[in-house]
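Read the structure below first, then the notes.
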Amino acid sequence: VSAPLRAWIVASGDELVQGRNVDTNSAWLARALLELGVETERFLVLGDDEPALCALAQEASRSVELLLVTGGLGPTLDDVTRHALAAAAGVELDEDAAALEDLRAWFAARGRPFSESNARQALFPRGAERLSNALGTAPGFLLRSGRALVAALPGPPREMERMFQDELRPRLERALPPRAPRCVARFFLFGLPESSFADRCGEWMARGADPLLGVTAHAGVLTAQLASSSQALLDARVTQFRERFGEWIFSETSGDLGRALGEACLERGITLATAESCTGGLVAERLTRLPGISAVFGWGCVSYANAAKQDLLGVEAALLESHGAVSLPVAEAMARGASLRSGARLSIAVTGVAGPGGGSETKPVGLVCFATSLDGVLQSTERRFAVRGRDLIREFAALTALDLARRRVLGR
Ligand code: AMP
Ligand code: MG
């Protein structure tokens, strides 16, 4: 198995280092390179700084197989990528007659005057291959510099992505040496804290492991990725992973819990309804992202005030009085009411304290009560989410509701 190919990705632009724009190109490119079996070692963000870019390109040409640079290909004097990369490779810049002709034609086709500064965009490092730009004026290029292939792509993401797909990617596939295939599997889990996940799979995440397991977490959803140089190794680990984590895996294709619940209901023809207090409709919002969900979801209510819980769901005033709006009996009454009034087989109810105010000793901020009713059988549970802000508590609550409902549909 050959050594992995490594890349550096540079984003250049004063607007990036001044914090006016965020570098999204590098992340996009790193994902695209992974599909080609190239691992990105570094992201670097520079201003429009010719000496700095030149020095970096020289270092890259000694260190890695691939350097990708985005930005700095415009017509103005602050667009220095061409000059910096030519200097790093130790070659002159030449005006390319065909490129100049294309530029003139581009302006003529749009009835715009061609200004001499645009001629800058027809300059290429000697020996470079031109990458044409289907969506703008700035062509890119590809050249060899030391051990590295160096590519320059435009800054605007749409132009950059199109040029990568149409022009650069096919050339990289031909030019790069043979490399180990990269086999990838993904899992999406809910309800398992990241630290417990780590405890259960520690050795699988050791640096250099093959397959290598990586994990990221957001609002209770863990995204785990297994990457390997061999399909056989990957398949074996996937089987072990499912055995170890099956209880928490809700999908192997998408991190969207609304979709997981929606699809589970659609497959089984189970109709569902929602009754939400502290999540203010987030559960319904997640569900309705799924095209076709109307076949099973037709009814959701936001019953924020006590009066709304009584009017819309038939929750008894006495129950609210004796237990408080955030309580298991009220969550159950909300779920029962949603089922009765909607006629749905499954209902989901959420009521909690999202904060930052409104908490008490017995009902602290972060306490959320859930109830589900499936074919008349109620279940309820409560969670205490860490106090990390109202938005996150609401998001955690919505996702927990979706997951509880999904588990009921699956009979877990
Ligand atoms: P350029 O003329 O090629 O230097 O890039 C012009 C525009 O592209 C900038 O004003 C940004 O809006 C956008 N852009 C440049 N670099 C990036 C980047 N790394 N990520 C996202 N957008 C970028
Ligand atoms: Mg720029």
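Going by the structure tokens order, chains are called A, B, ..., each with residues numbered from 1, while ligands are numbered from 1 in the order shown.
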Write out as a tab-separated table a residue-level contact list of chain A versus ligand 1 with cut-off 8 Å: for each qualifying residue the closest pair of atoms and the distance in Å to one decimal, counting only C-alpha atoms and all ligand atoms, rows sorted by chain and residue number upward.
residue	atom	partner	partner_atom_place_in_ligand_line	distance
A:Val10	CA	ligand 1	19 (N)	7.9
A:Ala11	CA	ligand 1	19 (N)	4.5
A:Ser12	CA	ligand 1	16 (N)	6.1
A:Gly13	CA	ligand 1	4 (O)	5.6
A:Glu15	CA	ligand 1	10 (O)	6.7
A:Leu16	CA	ligand 1	16 (N)	6.9
A:Asn21	CA	ligand 1	11 (C)	6.4
A:Val22	CA	ligand 1	20 (N)	5.8
A:Asp23	CA	ligand 1	20 (N)	3.5
A:Thr24	CA	ligand 1	20 (N)	4.0
A:Asn25	CA	ligand 1	20 (N)	4.2
A:Ser26	CA	ligand 1	19 (N)	6.1
A:Val45	CA	ligand 1	19 (N)	7.8
A:Thr70	CA	ligand 1	16 (N)	6.0
A:Gly71	CA	ligand 1	3 (O)	3.5
A:Gly72	CA	ligand 1	4 (O)	3.7
A:Leu73	CA	ligand 1	3 (O)	4.7
A:Gly74	CA	ligand 1	2 (O)	4.4
A:Pro75	CA	ligand 1	2 (O)	7.8
A:Asp79	CA	ligand 1	4 (O)	6.2
A:Ala138	CA	ligand 1	3 (O)	7.5
A:Leu153	CA	ligand 1	3 (O)	7.5
A:Pro154	CA	ligand 1	3 (O)	4.3
A:Gly155	CA	ligand 1	3 (O)	3.4
A:Pro156	CA	ligand 1	8 (O)	3.4
A:Pro157	CA	ligand 1	22 (N)	5.4
Spatial neighbours of Leu282 in chain A, max dist 12 Å, only C-alpha atoms, sep filter under 5 positions, as an NGL selection string: :A and (258 or 274-277 or 287-289 or 300-302 or 349-350 or 391-402)
Selection: 9 Å around Asp375 in chain A, only C-alpha atoms, excl. self and same-chain fewer than 5 positions, as a ChimeraX atom specification: /A:339,344-346
Could you please take those selected residues and save N, CA, C and O atoms as an mmCIF file, in the first residue's frame?
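again.cif, freshly written:
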data_model
loop_
_atom_site.group_PDB
_atom_site.id
_atom_site.type_symbol
_atom_site.label_atom_id
_atom_site.label_comp_id
_atom_site.auth_asym_id
_atom_site.auth_seq_id
_atom_site.Cartn_x
_atom_site.Cartn_y
_atom_site.Cartn_z
ATOM 1 N N SER A 339 -53.375 13.026 20.321
ATOM 2 C CA SER A 339 -53.862 11.813 19.650
ATOM 3 C C SER A 339 -55.363 11.872 19.427
ATOM 4 O O SER A 339 -55.849 11.587 18.328
ATOM 5 N N ALA A 344 -54.292 10.759 15.051
ATOM 6 C CA ALA A 344 -53.055 10.088 14.659
ATOM 7 C C ALA A 344 -52.751 8.930 15.601
ATOM 8 O O ALA A 344 -53.087 8.972 16.786
ATOM 9 N N ARG A 345 -52.083 7.905 15.082
ATOM 10 C CA ARG A 345 -51.728 6.758 15.933
ATOM 11 C C ARG A 345 -50.630 7.107 16.921
ATOM 12 O O ARG A 345 -50.578 6.604 18.033
ATOM 13 N N LEU A 346 -49.691 7.975 16.474
ATOM 14 C CA LEU A 346 -48.554 8.332 17.328
ATOM 15 C C LEU A 346 -48.598 9.826 17.612
ATOM 16 O O LEU A 346 -48.805 10.624 16.703
#
Backbone DSSP call of helix (DSSP H, G or I) for range 14-261 of chain A, listed as an NGL selection string: :A and (14-17 or 25-35 or 50-63 or 81-89 or 97-109 or 116-122 or 157-175 or 194-205 or 231-245 or 257-261)
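Using only C-alpha atoms, the nearest neighbour of Val238 in chain A within the list A:Leu103, A:Cys183, A:Val38, A:Leu226 is A:Leu226.
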Spatial neighbours of range 191-202 of chain A, 9 Å, only C-alpha atoms, chain gap at least 5 places, as a PyMOL selection string: chain A and resi 213+215-217+220-222+241+244-245+248+400+403
Which residue of A:Ala30, A:Ile348, A:Ala354, A:Val296 approaches Thr372 in chain A most closely, using only C-alpha atoms: A:Ile348
